[in-house]
file final-v6.txt (compact mmCIF, C-alpha atoms)
# COMPACT_ATOMS: atom_id res chain seq x y z
CA MET A 134 28.68 15.87 27.60
CA ILE A 135 30.10 12.55 26.42
CA LYS A 136 33.09 11.60 28.53
CA ASP A 137 33.65 8.02 27.51
CA PHE A 138 32.86 5.58 24.74
CA ILE A 139 33.07 1.93 25.68
CA MET A 140 32.84 -1.01 23.35
CA PRO A 141 32.62 -4.20 25.45
CA SER A 142 34.08 -7.31 23.79
CA THR A 143 31.33 -9.58 25.05
CA LEU A 144 27.71 -9.31 26.10
CA GLU A 145 28.72 -10.30 29.62
CA GLU A 146 31.20 -7.43 29.77
CA GLY A 147 28.50 -5.07 28.52
CA LEU A 148 26.05 -6.20 31.17
CA ASN A 149 28.72 -5.73 33.85
CA ILE A 150 29.24 -2.18 32.65
CA LEU A 151 25.53 -1.47 32.71
CA SER A 152 25.24 -3.00 36.14
CA SER A 153 27.59 -0.37 37.58
CA ASN A 154 27.14 2.50 35.11
CA GLY A 155 23.70 2.01 33.63
CA LYS A 156 22.25 5.26 34.87
CA ASP A 157 25.04 7.27 33.25
CA SER A 158 25.05 5.35 29.98
CA ILE A 159 23.36 5.32 26.62
CA VAL A 160 23.38 2.08 24.72
CA LEU A 161 24.25 2.54 21.05
CA ALA A 162 23.48 -0.20 18.56
CA GLY A 163 23.45 0.69 14.84
CA GLY A 164 23.30 4.40 15.59
CA THR A 165 20.85 5.39 12.87
CA ASP A 166 18.50 7.00 15.40
CA LEU A 167 20.82 7.95 18.23
CA ILE A 168 23.71 9.58 16.34
CA ILE A 169 21.40 12.33 15.13
CA ASP A 170 20.13 12.95 18.66
CA LEU A 171 23.65 12.81 20.09
CA LYS A 172 24.82 15.46 17.65
CA LYS A 173 21.88 17.66 18.62
CA GLY A 174 22.94 17.37 22.24
CA LYS A 175 19.72 15.63 23.21
CA TYR A 176 21.38 13.35 25.76
CA SER A 177 23.10 14.45 28.90
CA LYS A 178 24.60 11.06 29.77
CA GLU A 179 28.32 10.68 30.09
CA ILE A 180 28.95 7.24 28.70
CA ILE A 181 28.09 5.70 25.35
CA MET A 182 28.24 1.93 25.30
CA GLY A 183 28.53 0.70 21.74
CA ILE A 184 27.12 -2.79 21.19
CA GLU A 185 27.03 -2.79 17.39
CA HIS A 186 29.73 -5.45 17.06
CA LEU A 187 28.48 -7.93 19.71
CA LYS A 188 28.07 -11.23 17.83
CA GLU A 189 26.01 -12.72 20.67
CA LEU A 190 23.15 -10.40 19.69
CA LYS A 191 23.23 -11.17 15.99
CA PHE A 192 21.27 -14.31 15.13
CA ILE A 193 18.10 -15.53 13.50
CA HIS A 194 16.96 -18.95 14.70
CA ILE A 195 14.01 -20.51 12.95
CA GLU A 196 12.21 -23.57 14.26
CA ASP A 197 8.65 -23.74 15.60
CA GLU A 198 9.64 -20.61 17.40
CA ILE A 199 11.53 -17.82 15.68
CA LEU A 200 14.17 -16.02 17.70
CA ILE A 201 15.79 -12.86 16.34
CA GLY A 202 18.75 -11.35 18.18
CA ALA A 203 18.31 -7.69 19.07
CA GLY A 204 21.55 -6.82 17.27
CA SER A 205 20.36 -8.27 13.95
CA LYS A 206 20.57 -5.74 11.14
CA PHE A 207 17.45 -5.21 9.07
CA THR A 208 19.40 -6.21 5.96
CA ASP A 209 20.14 -9.61 7.52
CA ILE A 210 16.47 -10.08 8.40
CA VAL A 211 15.38 -9.08 4.89
CA GLU A 212 17.93 -11.40 3.24
CA ASN A 213 16.68 -14.36 5.28
CA LYS A 214 14.54 -16.44 2.89
CA GLU A 215 12.78 -18.28 5.70
CA ILE A 216 11.60 -15.02 7.26
CA LYS A 217 10.24 -13.88 3.89
CA LYS A 218 8.48 -17.20 3.39
CA HIS A 219 6.95 -17.70 6.82
CA VAL A 220 6.53 -14.19 8.27
CA TYR A 221 5.88 -12.08 5.19
CA GLY A 222 4.39 -9.13 7.09
CA LEU A 223 7.46 -8.78 9.31
CA TRP A 224 9.73 -9.17 6.29
CA LYS A 225 7.82 -6.47 4.41
CA ALA A 226 7.96 -4.13 7.39
CA CYS A 227 11.71 -4.57 7.82
CA LYS A 228 12.26 -4.06 4.08
CA SER A 229 10.32 -0.80 4.20
CA ILE A 230 12.55 0.78 6.82
CA GLY A 231 14.68 3.71 5.67
CA SER A 232 16.98 2.82 2.83
CA PRO A 233 19.60 0.17 2.05
CA GLN A 234 22.20 2.24 3.92
CA ILE A 235 19.99 2.56 6.99
CA ARG A 236 19.04 -1.13 6.94
CA ASN A 237 22.73 -2.09 6.77
CA MET A 238 23.32 -0.48 10.17
CA ALA A 239 19.96 -0.30 11.96
CA THR A 240 19.01 -3.14 14.30
CA ILE A 241 15.65 -4.60 15.23
CA GLY A 242 16.50 -4.12 18.90
CA GLY A 243 17.23 -0.46 18.33
CA ASN A 244 13.96 -0.04 16.46
CA ILE A 245 12.02 -1.63 19.33
CA CYS A 246 13.83 0.24 22.13
CA ASN A 247 13.95 3.65 20.44
CA ALA A 248 10.16 3.49 20.84
CA SER A 249 9.18 5.72 17.97
CA PRO A 250 5.38 5.78 17.49
CA SER A 251 6.02 4.80 13.89
CA ALA A 252 8.64 2.07 14.45
CA ASP A 253 7.91 -0.24 11.52
CA SER A 254 9.09 -3.57 12.92
CA VAL A 255 6.82 -3.26 15.96
CA PRO A 256 3.26 -3.63 14.56
CA PRO A 257 4.00 -7.04 12.97
CA LEU A 258 5.75 -8.18 16.14
CA LEU A 259 2.73 -7.08 18.18
CA ALA A 260 0.39 -8.92 15.81
CA LEU A 261 2.58 -12.01 16.27
CA ASP A 262 2.22 -11.69 20.07
CA ALA A 263 5.99 -11.47 20.26
CA GLU A 264 7.91 -11.63 23.50
CA LEU A 265 11.07 -9.80 24.42
CA ILE A 266 13.99 -11.47 26.19
CA ILE A 267 15.66 -8.87 28.38
CA VAL A 268 18.94 -9.52 30.16
CA GLY A 269 21.00 -7.90 32.88
CA LYS A 270 23.96 -9.06 34.95
CA ASP A 271 22.89 -12.44 36.36
CA LYS A 272 19.30 -11.88 35.40
CA ARG A 273 16.95 -12.53 32.55
CA ARG A 274 13.25 -11.97 32.00
CA THR A 275 10.79 -12.53 29.19
CA ILE A 276 7.91 -10.13 28.74
CA PRO A 277 5.24 -9.66 26.07
CA LEU A 278 6.03 -6.86 23.62
CA ASN A 279 2.41 -5.84 24.18
CA GLY A 280 2.96 -3.96 27.40
CA PHE A 281 6.58 -2.96 26.75
CA TYR A 282 5.45 0.54 25.84
CA SER A 283 3.45 2.74 28.17
CA ASP A 284 3.06 6.42 28.89
CA LYS A 285 5.96 6.08 31.31
CA GLY A 286 8.30 4.91 28.57
CA ILE A 287 9.69 1.44 27.90
CA ASP A 288 9.95 -1.45 30.31
CA LEU A 289 13.73 -1.63 30.20
CA LYS A 290 15.77 -0.77 33.28
CA GLU A 291 19.04 1.14 33.13
CA ASP A 292 21.07 -2.00 33.80
CA GLU A 293 19.28 -4.10 31.18
CA LEU A 294 19.69 -4.85 27.50
CA LEU A 295 17.22 -6.23 25.01
CA TYR A 296 18.67 -9.62 24.00
CA ALA A 297 16.16 -10.99 21.51
CA VAL A 298 12.59 -10.99 20.26
CA LYS A 299 10.70 -14.27 19.84
CA PHE A 300 7.39 -15.42 18.42
CA HIS A 301 5.73 -18.58 17.10
CA LYS A 302 6.34 -19.31 13.46
CA PRO A 303 3.00 -18.93 11.64
CA LYS A 304 1.65 -22.31 10.57
CA GLU A 305 -0.48 -23.30 7.61
CA ASN A 306 -3.73 -21.30 7.55
CA GLU A 307 -2.00 -18.48 9.37
CA GLY A 308 -0.71 -15.32 7.77
CA ILE A 309 0.66 -11.93 8.64
CA SER A 310 0.66 -8.72 6.62
CA PHE A 311 2.00 -5.19 6.87
CA GLU A 312 0.98 -1.98 5.16
CA LYS A 313 2.27 1.51 5.65
CA LEU A 314 1.54 4.95 4.30
CA GLY A 315 4.49 7.29 3.96
CA LEU A 316 5.27 10.42 2.01
CA ARG A 317 7.53 8.53 -0.38
CA LYS A 318 8.49 4.97 -1.35
CA ALA A 319 11.74 4.88 0.60
CA LEU A 320 13.27 6.93 3.42
CA ALA A 321 9.68 7.30 4.59
CA ILE A 322 8.60 7.52 8.20
CA SER A 323 5.22 5.82 8.48
CA ARG A 324 2.30 8.20 8.73
CA ILE A 325 0.14 5.19 9.51
CA SER A 326 1.00 1.54 9.52
CA CYS A 327 -1.03 -1.57 10.15
CA SER A 328 -0.21 -5.23 10.60
CA VAL A 329 -2.80 -8.01 10.63
CA TYR A 330 -2.29 -11.59 11.72
CA ILE A 331 -5.04 -14.07 10.82
CA ALA A 332 -5.53 -17.73 11.67
CA LEU A 333 -8.20 -19.28 9.48
CA LYS A 334 -10.43 -22.29 9.83
CA GLU A 335 -11.83 -23.69 6.57
CA ASN A 336 -10.57 -20.83 4.44
CA ARG A 337 -13.13 -18.13 5.27
CA TRP A 338 -13.63 -18.45 9.02
CA ILE A 339 -11.46 -16.25 11.24
CA LYS A 340 -10.34 -18.41 14.13
CA GLU A 341 -8.02 -15.77 15.47
CA ILE A 342 -7.07 -12.24 14.45
CA LYS A 343 -4.58 -9.76 15.82
CA ILE A 344 -4.33 -6.20 14.57
CA ALA A 345 -1.59 -3.73 15.41
CA THR A 346 -1.13 -0.18 14.23
CA GLY A 347 1.75 2.26 14.18
CA ALA A 348 1.74 6.07 14.21
CA LEU A 349 -1.81 6.13 15.56
CA GLY A 350 -0.82 6.96 19.10
CA LYS A 351 2.22 7.46 21.32
CA TYR A 352 3.48 3.98 20.45
CA PRO A 353 2.49 1.08 18.22
CA GLN A 354 -0.41 -0.82 19.74
CA ARG A 355 -2.84 -3.68 19.40
CA GLU A 356 -6.38 -2.77 18.40
CA ILE A 357 -8.35 -5.19 20.56
CA LYS A 358 -11.72 -3.55 19.91
CA ILE A 359 -11.39 -4.20 16.17
CA GLU A 360 -10.08 -7.72 16.76
CA ASP A 361 -13.18 -8.54 18.83
CA LEU A 362 -15.42 -7.49 15.94
CA LEU A 363 -13.76 -9.94 13.57
CA LYS A 364 -12.77 -12.90 15.73
CA ASN A 365 -14.79 -16.09 15.25
CA LYS A 366 -16.61 -14.70 12.27
CA GLU A 367 -16.87 -15.65 8.64
CA VAL A 368 -15.04 -13.27 6.34
CA ASN A 369 -17.59 -11.15 4.50
CA GLU A 370 -17.99 -7.57 3.34
CA SER A 371 -20.41 -6.64 6.05
CA ILE A 372 -18.16 -7.47 9.04
CA LEU A 373 -15.18 -5.91 7.30
CA ASP A 374 -17.24 -2.77 6.74
CA CYS A 375 -18.15 -2.74 10.41
CA ALA A 376 -14.50 -3.10 11.42
CA VAL A 377 -13.43 -0.31 9.06
CA LYS A 378 -16.06 2.06 10.47
CA GLU A 379 -14.99 1.21 14.00
CA MET A 380 -11.34 1.80 13.07
CA CYS A 381 -12.24 5.21 11.68
CA CYS A 382 -14.12 6.15 14.89
CA LEU A 383 -11.26 4.90 17.01
CA VAL A 384 -8.73 7.07 15.16
CA GLU A 385 -11.02 10.07 15.38
CA GLU A 386 -11.33 9.66 19.13
CA ARG A 387 -7.67 8.91 19.78
CA LEU A 388 -6.25 11.70 17.66
CA LYS A 389 -8.87 14.32 18.58
CA GLY A 390 -7.35 17.77 18.39
CA ARG A 391 -4.37 16.69 16.29
CA SER A 392 -4.00 18.20 12.84
CA SER A 393 -3.37 14.76 11.32
CA MET A 394 -6.67 13.35 12.55
CA ASN A 395 -8.83 14.13 9.52
CA PHE A 396 -6.35 12.59 7.14
CA LYS A 397 -5.61 9.55 9.29
CA LYS A 398 -9.22 8.66 10.03
CA GLU A 399 -9.90 8.41 6.29
CA ALA A 400 -6.60 6.91 5.25
CA VAL A 401 -6.76 4.16 7.86
CA LYS A 402 -9.79 2.64 6.12
CA GLY A 403 -8.01 1.70 2.90
CA LEU A 404 -4.86 0.78 4.78
CA PHE A 405 -6.66 -1.61 7.08
CA ILE A 406 -8.60 -3.24 4.22
CA LYS A 407 -5.37 -3.82 2.31
CA ALA A 408 -3.60 -5.24 5.39
CA PHE A 409 -6.57 -7.48 6.13
CA GLN A 410 -6.77 -8.80 2.56
CA ASP A 411 -3.04 -9.42 2.44
CA ALA A 412 -3.17 -11.35 5.70
CA LEU A 413 -5.98 -13.48 4.26
CA LYS A 414 -3.92 -14.09 1.15
CA GLU A 415 -0.92 -15.13 3.28
CA ALA A 416 -3.08 -17.45 5.37
CA THR A 417 -4.52 -19.19 2.33
CA LYS A 418 -1.21 -19.71 0.57
CA HIS A 419 -0.75 -23.45 0.48
CA GLU A 420 2.76 -23.50 -0.87
CA LYS A 421 4.08 -21.86 2.32
CA ASN A 422 5.04 -25.15 3.90
CA GLN A 423 6.27 -26.83 0.75
CA PRO A 424 10.01 -27.50 0.58
CA ASP A 425 11.91 -25.06 -1.63
CA ASN A 426 12.26 -26.31 -5.18
CA LYS A 427 15.93 -25.38 -5.49
CA MET B 101 40.58 9.70 22.36
CA LYS B 102 40.31 6.19 20.98
CA LYS B 103 42.76 4.34 18.81
CA ILE B 104 41.32 2.77 15.68
CA SER B 105 42.84 0.71 12.91
CA LEU B 106 41.05 0.45 9.62
CA THR B 107 41.57 0.05 5.90
CA ILE B 108 40.38 2.80 3.59
CA ASN B 109 40.70 2.30 -0.17
CA GLU B 110 43.12 -0.57 0.42
CA LYS B 111 45.42 1.56 2.59
CA ASP B 112 45.84 0.76 6.29
CA TYR B 113 45.48 3.53 8.84
CA THR B 114 46.02 3.70 12.60
CA LEU B 115 44.47 6.82 14.03
CA TYR B 116 43.44 8.48 17.26
CA VAL B 117 39.92 9.88 17.18
CA GLU B 118 37.47 11.61 19.50
CA GLU B 119 34.75 9.28 20.72
CA ASP B 120 31.96 11.20 19.02
CA LEU B 121 33.74 11.77 15.71
CA ARG B 122 31.63 10.67 12.77
CA LEU B 123 33.16 8.62 9.96
CA ILE B 124 32.29 11.37 7.46
CA ASP B 125 34.30 13.89 9.46
CA LEU B 126 37.22 11.47 9.76
CA LEU B 127 37.23 10.99 5.99
CA ARG B 128 36.77 14.61 4.98
CA ASP B 129 38.43 16.66 7.69
CA GLN B 130 41.23 14.41 8.92
CA LEU B 131 42.08 12.37 5.85
CA HIS B 132 41.08 14.99 3.27
CA LEU B 133 39.07 12.46 1.28
CA THR B 134 36.51 15.07 0.34
CA GLY B 135 34.77 13.07 -2.38
CA THR B 136 32.26 11.96 0.27
CA LYS B 137 29.71 14.77 0.71
CA GLU B 138 27.49 15.81 3.59
CA GLY B 139 24.02 16.65 2.29
CA CYS B 140 21.84 16.41 5.38
CA GLY B 141 23.75 14.87 8.29
CA GLU B 142 20.72 12.74 9.13
CA GLY B 143 20.97 9.69 6.88
CA GLU B 144 18.16 10.96 4.66
CA CYS B 145 19.96 11.91 1.44
CA GLY B 146 22.74 9.36 0.90
CA ALA B 147 25.31 11.91 -0.31
CA CYS B 148 27.66 10.62 2.40
CA THR B 149 27.39 6.97 1.34
CA VAL B 150 30.53 4.86 1.63
CA ILE B 151 30.96 1.10 1.50
CA MET B 152 31.90 -0.55 4.79
CA ASP B 153 32.73 -4.26 4.75
CA GLY B 154 30.87 -4.64 1.48
CA ARG B 155 27.71 -2.82 2.53
CA SER B 156 26.68 0.74 1.81
CA VAL B 157 26.27 2.95 4.89
CA ASN B 158 25.60 6.62 5.60
CA SER B 159 28.96 7.81 6.93
CA CYS B 160 27.20 10.69 8.72
CA LEU B 161 25.57 8.11 10.98
CA VAL B 162 28.59 5.90 11.65
CA LEU B 163 30.94 6.78 14.49
CA ALA B 164 34.60 6.55 13.53
CA VAL B 165 35.12 4.17 16.47
CA TYR B 166 32.63 1.82 14.81
CA ALA B 167 34.88 1.72 11.75
CA ASP B 168 37.68 0.10 13.78
CA GLY B 169 38.78 -3.10 12.09
CA ARG B 170 36.67 -2.44 9.01
CA ASN B 171 37.30 -2.12 5.30
CA ILE B 172 36.03 1.15 3.85
CA THR B 173 35.71 2.18 0.23
CA THR B 174 35.11 5.82 -0.65
CA ILE B 175 34.58 7.29 -4.10
CA GLU B 176 38.30 7.98 -4.30
CA GLY B 177 38.93 4.27 -4.04
CA ILE B 178 36.71 2.70 -6.63
CA SER B 179 38.82 3.26 -9.67
CA GLN B 180 41.84 1.71 -8.00
CA GLY B 181 44.25 4.31 -9.29
CA GLU B 182 44.04 3.98 -13.06
CA GLY B 183 41.27 5.70 -15.00
CA LEU B 184 37.60 5.53 -14.12
CA HIS B 185 35.55 2.63 -12.83
CA LEU B 186 33.02 1.25 -15.34
CA ILE B 187 30.24 2.71 -13.21
CA GLN B 188 31.79 6.18 -13.37
CA GLN B 189 32.23 5.84 -17.12
CA ALA B 190 28.62 4.80 -17.56
CA PHE B 191 27.41 7.78 -15.50
CA LEU B 192 29.30 10.13 -17.80
CA GLU B 193 28.19 8.36 -20.96
CA LYS B 194 24.51 8.44 -20.01
CA GLY B 195 24.43 12.04 -18.76
CA ALA B 196 23.70 10.91 -15.21
CA VAL B 197 25.76 13.72 -13.66
CA GLN B 198 24.57 17.32 -13.44
CA CYS B 199 25.72 19.22 -10.37
CA GLY B 200 27.58 16.11 -9.24
CA PHE B 201 26.87 16.45 -5.53
CA CYS B 202 24.89 13.21 -5.20
CA THR B 203 27.19 11.40 -7.57
CA PRO B 204 29.83 9.93 -5.25
CA GLY B 205 27.17 8.48 -2.95
CA MET B 206 25.08 7.36 -5.90
CA ILE B 207 28.04 5.57 -7.48
CA LEU B 208 28.94 3.80 -4.26
CA SER B 209 25.35 2.65 -3.74
CA SER B 210 25.44 1.40 -7.35
CA LYS B 211 28.67 -0.46 -6.70
CA ALA B 212 27.27 -2.06 -3.55
CA LEU B 213 24.19 -3.10 -5.56
CA LEU B 214 26.13 -4.50 -8.51
CA ASP B 215 28.56 -6.35 -6.27
CA GLU B 216 25.54 -8.20 -4.84
CA ASN B 217 23.42 -8.45 -7.98
CA SER B 218 25.25 -8.31 -11.30
CA ASN B 219 22.09 -8.24 -13.41
CA PRO B 220 19.51 -6.11 -11.65
CA SER B 221 16.18 -5.13 -13.17
CA ARG B 222 15.34 -1.43 -13.38
CA GLU B 223 13.11 -1.92 -10.34
CA GLU B 224 15.96 -3.50 -8.41
CA ILE B 225 18.24 -0.65 -9.45
CA ARG B 226 15.72 1.89 -8.17
CA GLU B 227 15.51 -0.01 -4.90
CA GLY B 228 19.28 -0.16 -4.70
CA ILE B 229 19.62 3.61 -4.99
CA SER B 230 16.51 4.38 -2.96
CA GLY B 231 18.69 5.82 -0.21
CA ASN B 232 20.28 8.40 -2.51
CA LEU B 233 18.50 11.60 -3.42
CA CYS B 234 19.23 13.52 -6.62
CA ARG B 235 17.71 16.98 -7.11
CA CYS B 236 18.91 17.43 -10.69
CA THR B 237 18.52 14.46 -12.99
CA GLY B 238 15.13 12.97 -12.19
CA TYR B 239 16.87 9.60 -11.71
CA ASN B 240 16.10 8.07 -15.14
CA LYS B 241 19.57 8.68 -16.53
CA ILE B 242 21.10 7.38 -13.34
CA VAL B 243 19.11 4.16 -13.73
CA ASP B 244 20.18 3.99 -17.40
CA ALA B 245 23.80 4.43 -16.33
CA ILE B 246 23.65 1.67 -13.75
CA GLU B 247 22.04 -0.64 -16.29
CA LEU B 248 24.86 0.10 -18.73
CA ALA B 249 27.50 -0.32 -16.03
CA ALA B 250 26.01 -3.68 -15.05
CA LYS B 251 26.16 -4.84 -18.67
CA ASN B 252 29.76 -3.69 -19.07
CA MET B 253 30.81 -5.22 -15.76
CA ARG B 254 29.27 -8.54 -16.78
CA GLY B 255 31.12 -8.28 -20.09
CA VAL B 256 34.44 -7.76 -18.33
CA SER B 257 33.98 -10.61 -15.86
CA LYS B 258 33.31 -13.22 -18.57

call {"tool": "encode", "arguments": {"input": "final-v6.txt", "output": "structure tokens"}}
result
Amino acid sequence: MIKDFIMPSTLEEGLNILSSNGKDSIVLAGGTDLIIDLKKGKYSKEIIMGIEHLKELKFIHIEDEILIGAGSKFTDIVENKEIKKHVYGLWKACKSIGSPQIRNMATIGGNICNASPSADSVPPLLALDAELIIVGKDKRRTIPLNGFYSDKGIDLKEDELLYAVKFHKPKENEGISFEKLGLRKALAISRISCSVYIALKENRWIKEIKIATGALGKYPQREIKIEDLLKNKEVNESILDCAVKEMCCLVEERLKGRSSMNFKKEAVKGLFIKAFQDALKEATKHEKNQPDNK
Amino acid sequence: MKKISLTINEKDYTLYVEEDLRLIDLLRDQLHLTGTKEGCGEGECGACTVIMDGRSVNSCLVLAVYADGRNITTIEGISQGEGLHLIQQAFLEKGAVQCGFCTPGMILSSKALLDENSNPSREEIREGISGNLCRCTGYNKIVDAIELAAKNMRGVSK
């Protein structure tokens, strides 16, 4: 039963509220996930704290490190030309979320914290080895996104807020991709998603690779086993084939007993190949670091 | 109850609303602006689309308290009193309206698109209305209508 709705004027005010009322509060950002649940009576908390308007959470800073405020709308991320140029996989993932109306309200912080297994912004962030900056009253900590989700839930205390997500800007010879399978082109929850980050040496040698999937488990996750098969190897059909077979086995094992398993273990093959090839393409694009011609 | 002040279709309002009141309910039930429709209540169909501070949003997912200080345009507001907006005219001319239920939301998404991009490709139009479902027309005539509206709007602004 909602008894109060508070909209703090500043982040500091919000953190003070959470410090004393965190356990009775739900934090509401864009609302595109929570409003539906609220209306269904899913939450028994008494206080909603609306943070949608907090300017301190809305920013995209791009230098050698990219810092995106948790309150950034997906539309703002998608309209950012530098994000599209340097972090194509993340850009593509954000663009694929919902619809224009959803992207105009939904925030990257909300997507991360709502912890849906098919949250689309998360696989690319995992593949980028992103870190989360979490704040509370008079406290701040930075943790890897890989580890934020567990069977116990998310690593965010009742008196804390997600402030920002950060990751290194991919350099030349590095690229990141994103692919998803959904039932339609828009307004589609991912049935499977995959993001691949590759760092190349001499065009066909994989110096480093990070693979993250969505909707293949309770939460988006890194696929270390597959990464180990491909790391420090030359790109060729045979190792890719090996990785695809391993991916298929992994899905079969993980989703054993679920009705979606037979579809997903087949579908993941093509999805992974596409994500891998796109990441290669991104990593070998030489115009990435050229100044814009405008 | 919370006090909010907002502008809807260029008219200023100061209202008292329940904390969990959705914008769609404020518009339809309290202000009797029933042009905005509720198709699903989950942000999946776009029938409830309105424009808030220049961007299209699903009013079934926006709390009225979030609309405080904002500028809202509903379907009632796009023609600005006299006659039909060029987008509405184009929809009628191209046969893009059948049952009409998706139409208000579809037109507002079109307006939001054309306000940003005055010469969209058909692909860009489809992306622009990708958050609006239509069960009747098959979308082609809607895309034709938006293309025509864009052309006419460019003609007027010269």

call {"tool": "closest_residue", "arguments": {"input": "final-v6.txt", "among": "B:Arg235, B:Lys241, B:Lys111, B:Lys251", "to": "Ser221 in chain B", "atoms": "all atoms listed in the file"}}
result
B:Lys251

call {"tool": "closest_residue", "arguments": {"input": "final-v6.txt", "among": "B:Ala196, B:Val256, B:Leu106, B:Leu121", "to": "chain A", "atoms": "only C-alpha atoms"}}
result
B:Leu121

call {"tool": "residues_around", "arguments": {"input": "final-v6.txt", "residues": "Lys137 in chain B", "least_positions_apart": "6", "cutoff": "12 Å", "atoms": "only C-alpha atoms", "output": "list in words"}}
result
Leu123, Ile124, Asp125, Leu127, Arg128, Asp129, Gly143, Cys145, Gly146, Ala147, Cys148, Thr149, Val150, Asn158, Ser159, Cys160, Thr174, Ile175, Gly200, Phe201, Cys202, Thr203, Pro204, Gly205, Met206 and Asn232 of chain B

call {"tool": "write_last_selection", "arguments": {"input": "final-v6.txt", "atoms": "C-alpha atoms", "output": "short mmCIF file (atom, residue, chain, number, x, y, z; two decimals), in the coordinates of the input"}}
result
data_model
loop_
_atom_site.label_atom_id
_atom_site.label_comp_id
_atom_site.auth_asym_id
_atom_site.auth_seq_id
_atom_site.Cartn_x
_atom_site.Cartn_y
_atom_site.Cartn_z
CA LEU B 123 33.16 8.62 9.96
CA ILE B 124 32.29 11.37 7.46
CA ASP B 125 34.30 13.89 9.46
CA LEU B 127 37.23 10.99 5.99
CA ARG B 128 36.77 14.61 4.98
CA ASP B 129 38.43 16.66 7.69
CA GLY B 143 20.97 9.69 6.88
CA CYS B 145 19.96 11.91 1.44
CA GLY B 146 22.74 9.36 0.90
CA ALA B 147 25.31 11.91 -0.31
CA CYS B 148 27.66 10.62 2.40
CA THR B 149 27.39 6.97 1.34
CA VAL B 150 30.53 4.86 1.63
CA ASN B 158 25.60 6.62 5.60
CA SER B 159 28.96 7.81 6.93
CA CYS B 160 27.20 10.69 8.72
CA THR B 174 35.11 5.82 -0.65
CA ILE B 175 34.58 7.29 -4.10
CA GLY B 200 27.58 16.11 -9.24
CA PHE B 201 26.87 16.45 -5.53
CA CYS B 202 24.89 13.21 -5.20
CA THR B 203 27.19 11.40 -7.57
CA PRO B 204 29.83 9.93 -5.25
CA GLY B 205 27.17 8.48 -2.95
CA MET B 206 25.08 7.36 -5.90
CA ASN B 232 20.28 8.40 -2.51
#

call {"tool": "residues_around", "arguments": {"input": "final-v6.txt", "residues": "range 331-339 of chain A", "least_positions_apart": "5", "cutoff": "7 Å", "atoms": "only C-alpha atoms", "output": "PyMOL selection string"}}
result
chain A and resi 306-309+364-368+412-413+416-417

call {"tool": "atom_distance", "arguments": {"input": "final-v6.txt", "atom1": "CA of Phe409 in chain A", "atom2": "CA of Arg236 in chain A"}}
result
26.4 Å

call {"tool": "closest_residue", "arguments": {"input": "final-v6.txt", "among": "B:Glu142, B:Glu176, B:Ala190, B:Ala250", "to": "chain A", "atoms": "all atoms listed in the file"}}
result
B:Glu142

call {"tool": "interface_residues", "arguments": {"input": "final-v6.txt", "of": "chain B", "to": "chain A", "cutoff": "9 Å", "atoms": "all atoms listed in the file", "output": "ChimeraX atom specification"}}
result
/B:101-102,119-120,122,141-146,149,155-158,160-163,165-166,209,227-232

call {"tool": "residues_around", "arguments": {"input": "final-v6.txt", "residues": "Gly350 in chain A", "least_positions_apart": "4", "cutoff": "12 Å", "atoms": "all atoms listed in the file", "output": "number ranges by chain"}}
result
A: 248-252, 282-284, 324-326, 345-346, 354-356, 383-389, 391, 393-394, 397

call {"tool": "atom_distance", "arguments": {"input": "final-v6.txt", "atom1": "CA of Phe281 in chain A", "atom2": "CA of Ala297 in chain A"}}
result
13.6 Å

call {"tool": "residues_near_point", "arguments": {"input": "final-v6.txt", "point": "(21.5, -6.4, -12.5)", "cutoff": "12 Å", "atoms": "all atoms listed in the file", "output": "JSON list (two decimals) with C-alpha atoms, in the frame of the given file"}}
result
[["chain", "number", "residue", "atom", "x", "y", "z"],
["B", 210, "SER", "CA", 25.44, 1.40, -7.35],
["B", 211, "LYS", "CA", 28.67, -0.46, -6.70],
["B", 212, "ALA", "CA", 27.27, -2.06, -3.55],
["B", 213, "LEU", "CA", 24.19, -3.10, -5.56],
["B", 214, "LEU", "CA", 26.13, -4.50, -8.51],
["B", 215, "ASP", "CA", 28.56, -6.35, -6.27],
["B", 216, "GLU", "CA", 25.54, -8.20, -4.84],
["B", 217, "ASN", "CA", 23.42, -8.45, -7.98],
["B", 218, "SER", "CA", 25.25, -8.31, -11.30],
["B", 219, "ASN", "CA", 22.09, -8.24, -13.41],
["B", 220, "PRO", "CA", 19.51, -6.11, -11.65],
["B", 221, "SER", "CA", 16.18, -5.13, -13.17],
["B", 222, "ARG", "CA", 15.34, -1.43, -13.38],
["B", 223, "GLU", "CA", 13.11, -1.92, -10.34],
["B", 224, "GLU", "CA", 15.96, -3.50, -8.41],
["B", 225, "ILE", "CA", 18.24, -0.65, -9.45],
["B", 226, "ARG", "CA", 15.72, 1.89, -8.17],
["B", 227, "GLU", "CA", 15.51, -0.01, -4.90],
["B", 228, "GLY", "CA", 19.28, -0.16, -4.70],
["B", 243, "VAL", "CA", 19.11, 4.16, -13.73],
["B", 244, "ASP", "CA", 20.18, 3.99, -17.40],
["B", 245, "ALA", "CA", 23.80, 4.43, -16.33],
["B", 246, "ILE", "CA", 23.65, 1.67, -13.75],
["B", 247, "GLU", "CA", 22.04, -0.64, -16.29],
["B", 248, "LEU", "CA", 24.86, 0.10, -18.73],
["B", 249, "ALA", "CA", 27.50, -0.32, -16.03],
["B", 250, "ALA", "CA", 26.01, -3.68, -15.05],
["B", 251, "LYS", "CA", 26.16, -4.84, -18.67],
["B", 252, "ASN", "CA", 29.76, -3.69, -19.07],
["B", 253, "MET", "CA", 30.81, -5.22, -15.76],
["B", 254, "ARG", "CA", 29.27, -8.54, -16.78]]
